[in-house]
file start11.txt (compact mmCIF, C-alpha atoms)
# COMPACT_ATOMS: atom_id res chain seq x y z
CA MET A 1 36.03 -193.35 72.30
CA PRO A 2 34.91 -191.52 75.43
CA GLU A 3 31.73 -189.48 75.26
CA PRO A 4 32.53 -186.02 73.92
CA LEU A 5 31.99 -183.07 76.22
CA ALA A 6 29.04 -181.61 74.34
CA TRP A 7 28.32 -177.94 73.78
CA GLN A 8 25.01 -176.80 75.24
CA ILE A 9 23.02 -173.57 75.33
CA GLY A 10 22.70 -172.09 78.80
CA LYS A 11 20.29 -169.33 79.72
CA VAL A 12 21.36 -166.35 81.78
CA THR A 13 18.95 -166.13 84.71
CA ALA A 14 20.75 -163.62 86.94
CA ILE A 15 23.59 -161.12 86.80
CA ARG A 16 25.17 -159.82 89.97
CA ALA A 17 27.78 -157.08 90.26
CA GLU A 18 30.57 -158.25 92.55
CA THR A 19 32.93 -155.28 92.13
CA PRO A 20 33.09 -152.42 89.61
CA GLY A 21 34.78 -154.70 87.05
CA VAL A 22 33.54 -158.13 88.03
CA ASN A 23 30.10 -159.71 87.56
CA SER A 24 28.68 -163.11 88.37
CA PHE A 25 26.43 -164.66 85.73
CA THR A 26 24.03 -167.44 86.67
CA LEU A 27 23.50 -169.86 83.79
CA GLU A 28 20.72 -172.42 83.73
CA LEU A 29 21.96 -175.53 81.93
CA PRO A 30 19.81 -178.07 80.08
CA SER A 31 22.49 -180.79 80.51
CA TRP A 32 23.88 -179.85 83.93
CA ARG A 33 26.44 -182.19 85.43
CA ALA A 34 27.76 -181.92 88.97
CA HIS A 35 31.20 -180.35 88.85
CA ARG A 36 34.08 -180.52 91.31
CA ALA A 37 34.85 -177.25 93.06
CA GLY A 38 37.69 -175.57 91.17
CA GLN A 39 36.66 -176.69 87.67
CA HIS A 40 35.74 -174.42 84.77
CA TYR A 41 33.50 -174.15 81.74
CA ASP A 42 34.51 -173.24 78.21
CA VAL A 43 32.37 -170.50 76.67
CA ARG A 44 32.07 -170.11 72.88
CA LEU A 45 30.72 -166.99 71.22
CA THR A 46 29.60 -167.10 67.59
CA ALA A 47 29.08 -164.00 65.42
CA ALA A 48 26.49 -163.86 62.64
CA ASP A 49 29.21 -164.51 60.03
CA GLY A 50 30.36 -167.65 61.83
CA TYR A 51 33.41 -166.11 63.55
CA GLN A 52 33.96 -167.73 66.94
CA ALA A 53 35.88 -166.96 70.12
CA GLN A 54 36.38 -169.24 73.12
CA ARG A 55 37.52 -168.65 76.69
CA SER A 56 37.55 -170.63 79.94
CA TYR A 57 35.84 -169.31 83.09
CA SER A 58 35.96 -170.79 86.57
CA ILE A 59 32.78 -171.96 88.25
CA ALA A 60 32.06 -169.96 91.41
CA SER A 61 29.04 -171.93 92.63
CA PRO A 62 29.24 -175.19 94.58
CA PRO A 63 28.19 -178.45 92.93
CA SER A 64 25.29 -178.71 95.36
CA ARG A 65 23.42 -176.10 93.29
CA ALA A 66 21.85 -178.44 90.75
CA GLY A 67 20.85 -177.31 87.27
CA GLU A 68 22.86 -174.10 87.13
CA VAL A 69 26.31 -172.61 87.57
CA ASP A 70 27.64 -169.17 88.44
CA LEU A 71 30.54 -167.92 86.34
CA THR A 72 32.30 -164.89 87.85
CA ILE A 73 33.96 -162.91 85.07
CA GLU A 74 36.35 -159.97 85.25
CA ARG A 75 36.04 -157.43 82.46
CA ILE A 76 39.37 -157.20 80.61
CA ALA A 77 39.47 -153.85 78.81
CA ASP A 78 41.04 -155.05 75.56
CA GLY A 79 39.43 -158.47 75.75
CA GLU A 80 37.00 -160.06 73.36
CA VAL A 81 34.76 -162.36 75.38
CA SER A 82 34.69 -160.73 78.83
CA PRO A 83 33.54 -157.31 77.47
CA TYR A 84 30.72 -159.12 75.65
CA PHE A 85 29.56 -160.57 78.96
CA HIS A 86 29.74 -157.21 80.71
CA ASP A 87 28.49 -154.90 77.97
CA VAL A 88 26.04 -157.01 75.97
CA ILE A 89 24.71 -159.97 77.96
CA GLU A 90 21.38 -159.46 79.71
CA VAL A 91 19.16 -161.74 81.76
CA GLY A 92 17.36 -164.03 79.33
CA ASP A 93 20.25 -164.22 76.84
CA ARG A 94 21.58 -167.58 75.77
CA VAL A 95 25.22 -168.59 75.92
CA GLU A 96 26.95 -171.60 74.38
CA LEU A 97 29.23 -173.47 76.77
CA ARG A 98 30.58 -176.88 77.71
CA GLY A 99 31.97 -178.37 80.88
CA PRO A 100 32.78 -179.02 83.62
CA ILE A 101 36.48 -179.20 82.71
CA GLY A 102 39.67 -179.71 84.69
CA GLY A 103 40.60 -182.59 86.95
CA TYR A 104 43.55 -181.45 89.02
CA PHE A 105 42.78 -177.98 90.33
CA ALA A 106 39.68 -179.33 92.07
CA TRP A 107 38.66 -180.18 95.60
CA GLU A 108 35.98 -182.28 97.21
CA PRO A 109 35.56 -183.15 100.90
CA PRO A 110 37.28 -186.60 100.72
CA LEU A 111 40.53 -184.83 99.73
CA GLY A 112 40.51 -183.34 103.22
CA GLY A 113 42.83 -180.60 104.40
CA PRO A 114 43.91 -178.46 106.05
CA LEU A 115 43.09 -176.24 103.08
CA LEU A 116 45.41 -173.37 102.25
CA LEU A 117 43.96 -171.19 99.50
CA VAL A 118 45.94 -168.35 97.94
CA ALA A 119 44.23 -165.97 95.51
CA GLY A 120 45.18 -162.95 93.45
CA GLY A 121 42.34 -160.84 92.04
CA SER A 122 39.76 -162.86 90.13
CA GLY A 123 41.85 -165.96 90.87
CA VAL A 124 39.63 -166.16 93.96
CA VAL A 125 36.74 -167.53 91.86
CA PRO A 126 37.59 -171.27 91.84
CA LEU A 127 38.73 -170.96 95.48
CA MET A 128 35.33 -169.51 96.38
CA ALA A 129 33.72 -172.60 94.88
CA ILE A 130 35.96 -174.65 97.18
CA LEU A 131 35.01 -172.56 100.24
CA ARG A 132 31.32 -172.81 99.36
CA GLU A 133 31.63 -176.55 98.91
CA ARG A 134 33.51 -176.82 102.20
CA ALA A 135 30.85 -174.75 103.99
CA SER A 136 28.17 -177.28 103.11
CA ALA A 137 30.31 -180.35 103.87
CA GLU A 138 29.61 -182.50 106.91
CA ALA A 139 33.23 -182.61 108.03
CA ARG A 140 34.95 -179.29 107.38
CA PRO A 141 38.76 -179.33 107.35
CA PRO A 142 40.45 -176.23 108.78
CA ALA A 143 41.01 -173.67 106.05
CA ALA A 144 42.75 -170.37 105.40
CA LEU A 145 42.35 -168.05 102.44
CA LEU A 146 45.12 -165.56 101.71
CA TYR A 147 43.64 -163.12 99.21
CA SER A 148 45.45 -160.29 97.43
CA SER A 149 43.39 -157.50 95.85
CA ARG A 150 44.34 -154.11 94.46
CA THR A 151 41.92 -152.03 96.54
CA PHE A 152 39.10 -152.57 99.04
CA ASP A 153 36.50 -152.13 96.30
CA ASP A 154 38.19 -154.81 94.19
CA VAL A 155 37.68 -157.53 96.81
CA ILE A 156 35.33 -160.05 95.17
CA TYR A 157 32.81 -161.81 97.48
CA ARG A 158 33.93 -159.59 100.38
CA GLU A 159 30.73 -159.73 102.40
CA GLU A 160 30.22 -163.45 101.88
CA LEU A 161 33.81 -164.14 102.93
CA ASP A 162 33.30 -162.02 106.06
CA ALA A 163 30.12 -163.93 106.87
CA LEU A 164 31.70 -167.34 106.25
CA ALA A 165 34.67 -166.54 108.47
CA ALA A 166 32.50 -165.04 111.23
CA ALA A 167 30.35 -168.16 111.38
CA ASP A 168 33.20 -170.66 111.30
CA ALA A 169 36.10 -170.84 113.75
CA GLY A 170 37.83 -173.23 111.35
CA LEU A 171 38.11 -170.67 108.56
CA ARG A 172 40.51 -167.73 108.52
CA VAL A 173 40.47 -165.10 105.75
CA ILE A 174 43.59 -162.96 105.41
CA HIS A 175 43.33 -159.98 103.07
CA THR A 176 46.05 -157.88 101.57
CA LEU A 177 45.42 -154.71 99.54
CA THR A 178 48.37 -153.91 97.34
CA ARG A 179 47.48 -150.61 95.71
CA ALA A 180 45.39 -148.55 98.14
CA GLN A 181 43.86 -149.09 101.55
CA PRO A 182 40.97 -147.43 103.37
CA PRO A 183 42.02 -145.23 106.35
CA ASP A 184 40.80 -147.75 108.93
CA TRP A 185 42.36 -150.76 107.16
CA THR A 186 43.91 -153.25 109.58
CA GLY A 187 44.85 -155.95 107.08
CA HIS A 188 48.05 -156.29 105.10
CA ALA A 189 49.08 -153.67 102.55
CA ARG A 190 51.76 -155.30 100.40
CA ARG A 191 52.23 -158.07 97.89
CA ILE A 192 52.04 -161.63 99.17
CA ASP A 193 55.39 -162.49 100.76
CA ARG A 194 57.02 -165.16 102.88
CA ALA A 195 55.72 -163.77 106.20
CA MET A 196 52.15 -163.72 104.90
CA LEU A 197 52.46 -167.27 103.59
CA ALA A 198 53.82 -168.40 106.97
CA GLU A 199 50.87 -166.71 108.67
CA ALA A 200 48.47 -168.52 106.33
CA ILE A 201 50.15 -171.89 106.96
CA ALA A 202 49.91 -171.30 110.71
CA ALA A 203 46.21 -170.44 110.34
CA ALA A 204 45.42 -173.47 108.19
CA GLY A 205 47.53 -176.10 109.93
CA ALA A 206 50.56 -178.26 109.23
CA GLU A 207 51.03 -180.08 105.88
CA PRO A 208 48.24 -178.17 104.15
CA LEU A 209 46.74 -179.00 100.78
CA ALA A 210 47.32 -175.76 98.88
CA TYR A 211 45.43 -174.28 95.92
CA ILE A 212 46.85 -171.14 94.37
CA CYS A 213 45.15 -169.16 91.60
CA GLY A 214 45.94 -165.76 90.18
CA PRO A 215 48.30 -163.90 87.86
CA THR A 216 51.47 -165.77 86.92
CA LEU A 217 53.88 -163.75 89.06
CA LEU A 218 51.74 -164.09 92.18
CA VAL A 219 51.31 -167.83 91.65
CA GLU A 220 55.03 -168.34 91.02
CA ALA A 221 55.94 -166.40 94.18
CA ALA A 222 53.32 -168.10 96.35
CA ALA A 223 54.03 -171.63 95.10
CA ASN A 224 57.79 -171.24 95.48
CA GLY A 225 57.29 -169.62 98.89
CA LEU A 226 55.13 -172.46 100.18
CA VAL A 227 57.66 -175.04 99.01
CA GLU A 228 60.48 -173.10 100.70
CA LEU A 229 58.38 -173.06 103.89
CA GLY A 230 58.23 -176.84 103.79
CA VAL A 231 54.94 -177.61 102.04
CA PRO A 232 55.57 -180.69 99.85
CA PRO A 233 55.39 -179.71 96.13
CA ALA A 234 52.91 -182.53 95.51
CA ARG A 235 50.53 -180.77 97.95
CA VAL A 236 50.60 -177.49 95.98
CA ARG A 237 48.17 -177.15 93.07
CA THR A 238 48.30 -174.10 90.86
CA GLU A 239 46.20 -172.42 88.24
CA ARG A 240 47.89 -169.49 86.54
CA PHE A 241 46.60 -166.90 84.16
CA GLY A 242 48.15 -164.11 82.28
CA PRO A 243 45.58 -161.57 81.25
CA THR A 244 42.62 -163.68 80.09
CA SER A 245 40.51 -161.60 77.83
CA MET B 1 22.73 -179.75 69.79
CA THR B 2 23.87 -176.22 69.32
CA GLU B 3 24.37 -176.07 65.56
CA GLY B 4 23.59 -172.71 64.01
CA PHE B 5 23.64 -170.89 67.35
CA VAL B 6 24.53 -167.21 67.12
CA SER B 7 25.47 -165.16 70.18
CA ARG B 8 23.14 -162.14 70.22
CA GLY B 9 25.07 -158.96 69.60
CA PHE B 10 28.51 -160.60 69.37
CA VAL B 11 30.76 -159.03 66.78
CA GLY B 12 34.23 -160.10 67.91
CA ARG B 13 37.57 -158.76 66.93
CA SER B 14 38.31 -157.66 63.39
CA ARG B 15 38.79 -160.64 61.10
CA ASP B 16 42.28 -161.20 59.85
CA PRO B 17 42.10 -162.56 56.32
CA GLY B 18 45.89 -162.49 55.88
CA GLU B 19 48.61 -165.01 56.48
CA ARG B 20 48.15 -164.92 60.24
CA ALA B 21 44.56 -166.14 60.08
CA GLY B 22 45.63 -169.38 58.44
CA ARG B 23 48.00 -169.99 61.32
CA VAL B 24 45.52 -169.70 64.19
CA PRO B 25 43.74 -173.00 64.93
CA PRO B 26 39.97 -173.01 65.60
CA GLY B 27 38.88 -171.60 68.96
CA GLN B 28 42.28 -170.00 69.60
CA TYR B 29 43.20 -166.32 69.91
CA LEU B 30 46.56 -164.68 69.29
CA THR B 31 48.64 -163.47 72.19
CA GLU B 32 51.84 -161.46 72.22
CA GLY B 33 52.74 -162.48 75.76
CA PHE B 34 53.84 -165.91 76.90
CA PRO B 35 51.38 -167.09 79.56
CA VAL B 36 52.52 -169.68 82.10
CA LEU B 37 50.33 -172.68 82.84
CA SER B 38 51.31 -175.57 85.02
CA ALA B 39 49.72 -177.75 87.64
CA GLY B 40 52.11 -177.18 90.53
CA PRO B 41 55.17 -175.31 91.76
CA THR B 42 58.02 -174.63 89.35
CA PRO B 43 60.86 -177.05 90.16
CA GLN B 44 64.32 -175.54 90.54
CA ILE B 45 66.80 -177.94 88.94
CA PRO B 46 70.53 -177.28 89.39
CA LEU B 47 72.39 -177.96 86.14
CA ASP B 48 74.98 -180.17 87.88
CA THR B 49 72.22 -182.62 88.85
CA TRP B 50 70.31 -182.34 85.57
CA ALA B 51 70.33 -185.38 83.28
CA PHE B 52 68.32 -186.55 80.30
CA THR B 53 67.65 -190.25 79.75
CA ILE B 54 66.11 -192.22 76.90
CA GLU B 55 65.08 -195.72 77.92
CA GLY B 56 62.48 -198.43 77.34
CA LEU B 57 62.32 -200.06 73.92
CA VAL B 58 65.71 -198.91 72.69
CA ARG B 59 68.85 -200.82 71.86
CA THR B 60 71.15 -198.71 74.02
CA PRO B 61 69.63 -196.51 76.75
CA VAL B 62 71.50 -193.23 77.02
CA THR B 63 71.85 -190.65 79.77
CA TRP B 64 73.35 -187.26 78.98
CA SER B 65 74.62 -184.73 81.52
CA TRP B 66 73.82 -181.06 80.94
CA GLN B 67 77.23 -180.47 79.36
CA GLU B 68 76.92 -183.51 77.12
CA PHE B 69 73.35 -182.68 76.14
CA THR B 70 73.95 -179.06 75.20
CA ALA B 71 77.00 -180.12 73.19
CA LEU B 72 74.82 -182.25 70.89
CA PRO B 73 74.20 -180.89 67.38
CA SER B 74 71.54 -178.22 67.90
CA ARG B 75 69.84 -175.51 65.90
CA ASP B 76 67.36 -172.65 66.00
CA TRP B 77 63.66 -173.39 65.65
CA THR B 78 60.92 -170.86 64.88
CA VAL B 79 57.48 -172.33 65.49
CA ASP B 80 53.87 -171.39 66.28
CA ILE B 81 52.54 -172.76 69.58
CA SER B 82 48.98 -173.28 70.85
CA CYS B 83 47.85 -173.89 74.42
CA VAL B 84 44.59 -175.71 75.16
CA THR B 85 43.67 -172.71 77.35
CA LYS B 86 42.99 -170.95 74.01
CA TRP B 87 46.05 -168.83 73.27
CA THR B 88 48.27 -169.16 70.23
CA LYS B 89 51.65 -167.48 69.85
CA LEU B 90 53.29 -167.13 66.45
CA ASP B 91 56.97 -167.27 65.53
CA THR B 92 58.39 -168.35 68.89
CA ALA B 93 62.17 -168.73 68.72
CA TRP B 94 63.90 -171.65 70.43
CA HIS B 95 67.25 -173.36 70.36
CA GLY B 96 67.69 -177.07 70.95
CA VAL B 97 68.25 -180.55 69.63
CA SER B 98 65.97 -182.46 67.29
CA LEU B 99 64.24 -185.58 68.62
CA ASP B 100 65.44 -187.35 65.47
CA ASP B 101 69.03 -186.88 66.62
CA LEU B 102 68.27 -187.96 70.19
CA LEU B 103 66.43 -191.09 69.07
CA ALA B 104 69.15 -191.97 66.54
CA ALA B 105 71.60 -192.11 69.45
CA VAL B 106 69.66 -194.89 71.20
CA GLU B 107 68.50 -196.90 68.16
CA VAL B 108 64.77 -197.34 68.61
CA ASP B 109 63.43 -200.89 68.85
CA PRO B 110 61.01 -201.47 65.95
CA ARG B 111 58.29 -202.51 68.44
CA ALA B 112 58.24 -199.02 69.98
CA ARG B 113 55.14 -197.08 68.97
CA PHE B 114 54.56 -194.68 71.86
CA VAL B 115 56.64 -192.38 74.04
CA THR B 116 56.11 -191.11 77.56
CA ALA B 117 57.95 -187.91 78.41
CA HIS B 118 58.91 -187.64 82.09
CA SER B 119 59.65 -184.38 83.88
CA PHE B 120 61.34 -183.25 87.07
CA GLY B 121 58.45 -182.77 89.50
CA GLY B 122 56.64 -185.89 88.28
CA TYR B 123 54.74 -184.60 85.24
CA THR B 124 54.21 -187.03 82.34
CA THR B 125 52.69 -186.82 78.88
CA ASN B 126 52.25 -189.49 76.21
CA LEU B 127 52.78 -189.19 72.46
CA PRO B 128 52.76 -191.49 69.44
CA LEU B 129 56.36 -191.96 68.32
CA THR B 130 55.41 -190.70 64.86
CA ASP B 131 54.61 -187.27 66.35
CA LEU B 132 58.23 -186.90 67.45
CA LEU B 133 59.97 -187.83 64.19
CA ASN B 134 60.92 -185.95 61.01
CA ASN B 135 61.94 -182.72 62.70
CA GLN B 136 58.52 -182.22 64.27
CA ALA B 137 59.86 -182.05 67.82
CA PHE B 138 62.90 -180.91 69.78
CA VAL B 139 64.24 -180.42 73.29
CA ALA B 140 65.00 -176.73 73.84
CA TRP B 141 67.19 -174.99 76.41
CA GLU B 142 67.01 -171.48 74.97
CA TYR B 143 64.04 -169.25 74.29
CA ASP B 144 64.37 -165.95 72.45
CA GLY B 145 68.14 -166.16 72.61
CA ARG B 146 68.30 -166.64 76.38
CA PRO B 147 68.43 -169.64 78.72
CA LEU B 148 64.92 -171.05 79.10
CA GLU B 149 63.36 -169.69 82.31
CA PRO B 150 62.20 -172.23 84.91
CA ALA B 151 58.60 -171.00 84.67
CA HIS B 152 58.62 -171.83 80.95
CA GLY B 153 60.18 -175.24 81.50
CA GLY B 154 63.88 -174.61 81.97
CA PRO B 155 66.53 -175.92 82.14
CA ALA B 156 65.13 -177.86 79.15
CA ARG B 157 61.73 -178.48 77.67
CA LEU B 158 60.28 -180.82 75.10
CA VAL B 159 58.64 -178.83 72.29
CA VAL B 160 56.09 -180.49 69.99
CA PRO B 161 54.62 -177.43 68.29
CA HIS B 162 52.01 -179.19 66.16
CA LEU B 163 50.19 -180.44 69.29
CA TYR B 164 48.65 -178.50 72.20
CA LEU B 165 51.34 -177.25 74.51
CA TRP B 166 50.68 -179.64 77.41
CA LYS B 167 52.43 -182.23 75.19
CA SER B 168 55.54 -180.02 75.26
CA ALA B 169 56.64 -181.24 78.68
CA LYS B 170 58.36 -178.61 80.81
CA TRP B 171 61.39 -179.60 82.94
CA VAL B 172 61.75 -182.72 80.82
CA ARG B 173 64.23 -185.27 82.13
CA GLY B 174 63.70 -188.17 79.79
CA LEU B 175 61.70 -190.30 77.38
CA ARG B 176 60.52 -193.87 77.72
CA LEU B 177 59.66 -195.75 74.52
CA ARG B 178 56.88 -198.30 74.76
CA GLU B 179 54.83 -200.72 72.71
CA GLU B 180 51.51 -199.75 74.32
CA ASP B 181 50.13 -196.26 74.86
CA GLU B 182 49.72 -195.06 78.42
CA PRO B 183 47.92 -191.81 79.30
CA GLY B 184 50.02 -189.13 80.97
CA PHE B 185 49.06 -186.54 83.58
CA TRP B 186 46.47 -184.42 81.74
CA GLU B 187 45.50 -187.30 79.48
CA SER B 188 44.32 -189.12 82.63
CA LEU B 189 42.34 -186.07 83.74
CA GLY B 190 39.95 -185.65 80.83
CA TYR B 191 42.19 -184.07 78.23
CA HIS B 192 42.52 -185.49 74.73
CA ASN B 193 45.00 -188.30 74.16
CA ARG B 194 46.60 -186.69 71.10
CA GLY B 195 45.77 -182.97 71.22
CA ASP B 196 45.90 -181.72 67.62
CA PRO B 197 44.88 -178.02 67.71
CA TRP B 198 43.78 -178.02 64.07
CA ARG B 199 41.24 -180.75 64.88
CA GLU B 200 40.43 -179.01 68.16
CA GLU B 201 41.24 -182.14 70.16
CA ARG B 202 41.01 -180.47 73.58
CA TYR B 203 39.18 -182.98 75.74
CA SER B 204 38.52 -186.74 75.71
CA GLY B 205 36.09 -187.55 72.93
CA ASP B 206 36.68 -184.35 70.91
call {"tool": "encode", "arguments": {"input": "start11.txt", "output": "structure tokens"}}
result
Amino acid sequence: MPEPLAWQIGKVTAIRAETPGVNSFTLELPSWRAHRAGQHYDVRLTAADGYQAQRSYSIASPPSRAGEVDLTIERIADGEVSPYFHDVIEVGDRVELRGPIGGYFAWEPPLGGPLLLVAGGSGVVPLMAILRERASAEARPPAALLYSSRTFDDVIYREELDALAAADAGLRVIHTLTRAQPPDWTGHARRIDRAMLAEAIAAAGAEPLAYICGPTLLVEAAANGLVELGVPPARVRTERFGPTS
Amino acid sequence: MTEGFVSRGFVGRSRDPGERAGRVPPGQYLTEGFPVLSAGPTPQIPLDTWAFTIEGLVRTPVTWSWQEFTALPSRDWTVDISCVTKWTKLDTAWHGVSLDDLLAAVEVDPRARFVTAHSFGGYTTNLPLTDLLNNQAFVAWEYDGRPLEPAHGGPARLVVPHLYLWKSAKWVRGLRLREEDEPGFWESLGYHNRGDPWREERYSGD
């Protein structure tokens, strides 16, 4: 029998607001194991009467940060676990979790590129781990992130993405805001479509290795679009979520 | 060790002591929607090129065309399904053919103990033969009275409702019967070899 993936008690050491509905929680782990960018942890909450609830959350931090992970969590209004994180959890609290989990939607430098990342909303979290991992790699493959958000204020990691792209000619970040745009907005203002995917492929480079994460409809459209534009299906990795609460 | 741990201030949703509660495996929550999870793009499979094959340790390998397959004796199935990503959906309604009927058509070699399901797009998953017998499993081409959508595994999908849903191979195109077990796609990537939700067999070693 393989070694079970044991539950452990992490300690919340920092909470950072990313957007009005999205926070990053830094958890210090007693049994930390290096993850692969793109993987997730399972979180388990236990009430005093023994009732339990579990959810999976993507790791936002790169594996180079030993001993701790950042989980970036969107608050889902009618959810059960995400509202607990947003409304109850404070620095110093303890959280039960196990991981890292997931072996396919993951990237490390030997997999190479060019990297084509497509995100919808909080689907950007595992892709951010990939970009952070790439930023600290010795050989950085060309990369493009096509990132759909509802509004400007909903863009998670906006300043860090700006800084990464400004410092790196090999990285292009393409934003689209689907619901509302600031008056001086020069980016796209519609749902991800074929033209945007073609622009992202051109920015990344031919035969890209694609990672797509977001709501089901966005992932379906983006994955099908990339295949229609000639990206081999075996080079397209997807992670889909409905509302995860 | 985390035994006895209580999450400070966690109350959770209202407990459901009724019939539903006994149908939700540990660590799962109920959903009304039908989330889509898969590792890559959704393959588009024209029905005139679709075929379903049973091969390996069988007396007579069989390949059915779409017309032949959907003309096999079929019935409605109402089952509860659980995905390893934590959601459970009750009373899902499918239409398809029992694995018992499919396997009867090929006459299984007595040495066969395991099955690998193969899908269009390259996905595989492995199952003990015993998990597919006695009306525990079927291949469905309708969901909720309509043709099964590609995103949910259409044209046809294996459904093994008593195991986590990654065992219910989408876009299934055939079964290979074998003497030895061989891990499939997720089973090679850290997920449990059998995947019984009631024993919470999510990952290797659970």
call {"tool": "residues_near_point", "arguments": {"input": "start11.txt", "point": "(54.6, -173.7, 100.9)", "cutoff": "9 Å", "atoms": "only C-alpha atoms", "output": "list of chain:residue names"}}
result
A:Leu197, A:Ala198, A:Ile201, A:Glu207, A:Pro208, A:Ala210, A:Ala222, A:Ala223, A:Asn224, A:Gly225, A:Leu226, A:Val227, A:Glu228, A:Leu229, A:Gly230, A:Val231, A:Pro232, A:Pro233, A:Arg235, A:Val236
call {"tool": "write_last_selection", "arguments": {"input": "start11.txt", "atoms": "C-alpha atoms", "output": "CSV table (one decimal), in the frame of the given file"}}
result
chain,number,residue,atom,x,y,z
A,197,LEU,CA,52.5,-167.3,103.6
A,198,ALA,CA,53.8,-168.4,107.0
A,201,ILE,CA,50.2,-171.9,107.0
A,207,GLU,CA,51.0,-180.1,105.9
A,208,PRO,CA,48.2,-178.2,104.2
A,210,ALA,CA,47.3,-175.8,98.9
A,222,ALA,CA,53.3,-168.1,96.4
A,223,ALA,CA,54.0,-171.6,95.1
A,224,ASN,CA,57.8,-171.2,95.5
A,225,GLY,CA,57.3,-169.6,98.9
A,226,LEU,CA,55.1,-172.5,100.2
A,227,VAL,CA,57.7,-175.0,99.0
A,228,GLU,CA,60.5,-173.1,100.7
A,229,LEU,CA,58.4,-173.1,103.9
A,230,GLY,CA,58.2,-176.8,103.8
A,231,VAL,CA,54.9,-177.6,102.0
A,232,PRO,CA,55.6,-180.7,99.8
A,233,PRO,CA,55.4,-179.7,96.1
A,235,ARG,CA,50.5,-180.8,98.0
A,236,VAL,CA,50.6,-177.5,96.0
call {"tool": "residues_near_point", "arguments": {"input": "start11.txt", "point": "(63.5, -169.5, 87.4)", "cutoff": "8 Å", "atoms": "all atoms listed in the file", "output": "short mmCIF file (atom, residue, chain, number, x, y, z; two decimals) with C-alpha atoms, in the frame of the given file"}}
result
data_model
loop_
_atom_site.label_atom_id
_atom_site.label_comp_id
_atom_site.auth_asym_id
_atom_site.auth_seq_id
_atom_site.Cartn_x
_atom_site.Cartn_y
_atom_site.Cartn_z
CA THR B 42 58.02 -174.63 89.35
CA GLN B 44 64.32 -175.54 90.54
CA GLU B 149 63.36 -169.69 82.31
CA PRO B 150 62.20 -172.23 84.91
CA ALA B 151 58.60 -171.00 84.67
CA GLY B 154 63.88 -174.61 81.97
#
call {"tool": "interface_residues", "arguments": {"input": "start11.txt", "of": "chain B", "to": "chain A", "cutoff": "9 Å", "atoms": "all atoms listed in the file", "output": "MDAnalysis selection string"}}
result
chainID B and resid 1:2 4:13 15 26:29 33:43 85:86 121:122 151 186 188:191 203:206
call {"tool": "residues_around", "arguments": {"input": "start11.txt", "residues": "range 123-135 of chain A", "least_positions_apart": "2", "cutoff": "6 Å", "atoms": "only C-alpha atoms", "output": "ChimeraX atom specification"}}
result
/A:37-38,58,60-62,119-121,137,140,213-214
call {"tool": "closest_residue", "arguments": {"input": "start11.txt", "among": "B:Thr63, B:Asn135, B:Thr70, B:Thr31", "to": "Pro147 in chain B", "atoms": "all atoms listed in the file"}}
result
B:Thr70
call {"tool": "closest_residue", "arguments": {"input": "start11.txt", "among": "B:Pro161, B:Pro25, B:Pro155, B:Pro110", "to": "Asp48 in chain B", "atoms": "only C-alpha atoms"}}
result
B:Pro155
call {"tool": "atom_distance", "arguments": {"input": "start11.txt", "atom1": "CA of Gly187 in chain A", "atom2": "CA of Gly112 in chain A"}}
result
28.0 Å
call {"tool": "atom_distance", "arguments": {"input": "start11.txt", "atom1": "CA of Trp94 in chain B", "atom2": "CA of Arg157 in chain B"}}
result
10.2 Å
call {"tool": "closest_residue", "arguments": {"input": "start11.txt", "among": "B:Leu133, B:Phe185, B:Leu148, B:Leu30", "to": "Cys83 in chain B", "atoms": "only C-alpha atoms"}}
result
B:Leu30
call {"tool": "atom_distance", "arguments": {"input": "start11.txt", "atom1": "CA of Ala137 in chain B", "atom2": "CA of Trp198 in chain B"}}
result
17.0 Å
call {"tool": "residues_around", "arguments": {"input": "start11.txt", "residues": "Arg179 in chain A", "least_positions_apart": "3", "cutoff": "10 Å", "atoms": "all atoms listed in the file", "output": "list in words"}}
result
Ser149, Arg150, Thr151, Phe152, Thr176, Ala189, Arg190 and Arg191 of chain A
call {"tool": "residues_around", "arguments": {"input": "start11.txt", "residues": "Val173 in chain A", "least_positions_apart": "5", "cutoff": "9 Å", "atoms": "all atoms listed in the file", "output": "VMD selection string"}}
result
chain A and resid 143 to 147 161 to 162 165 200
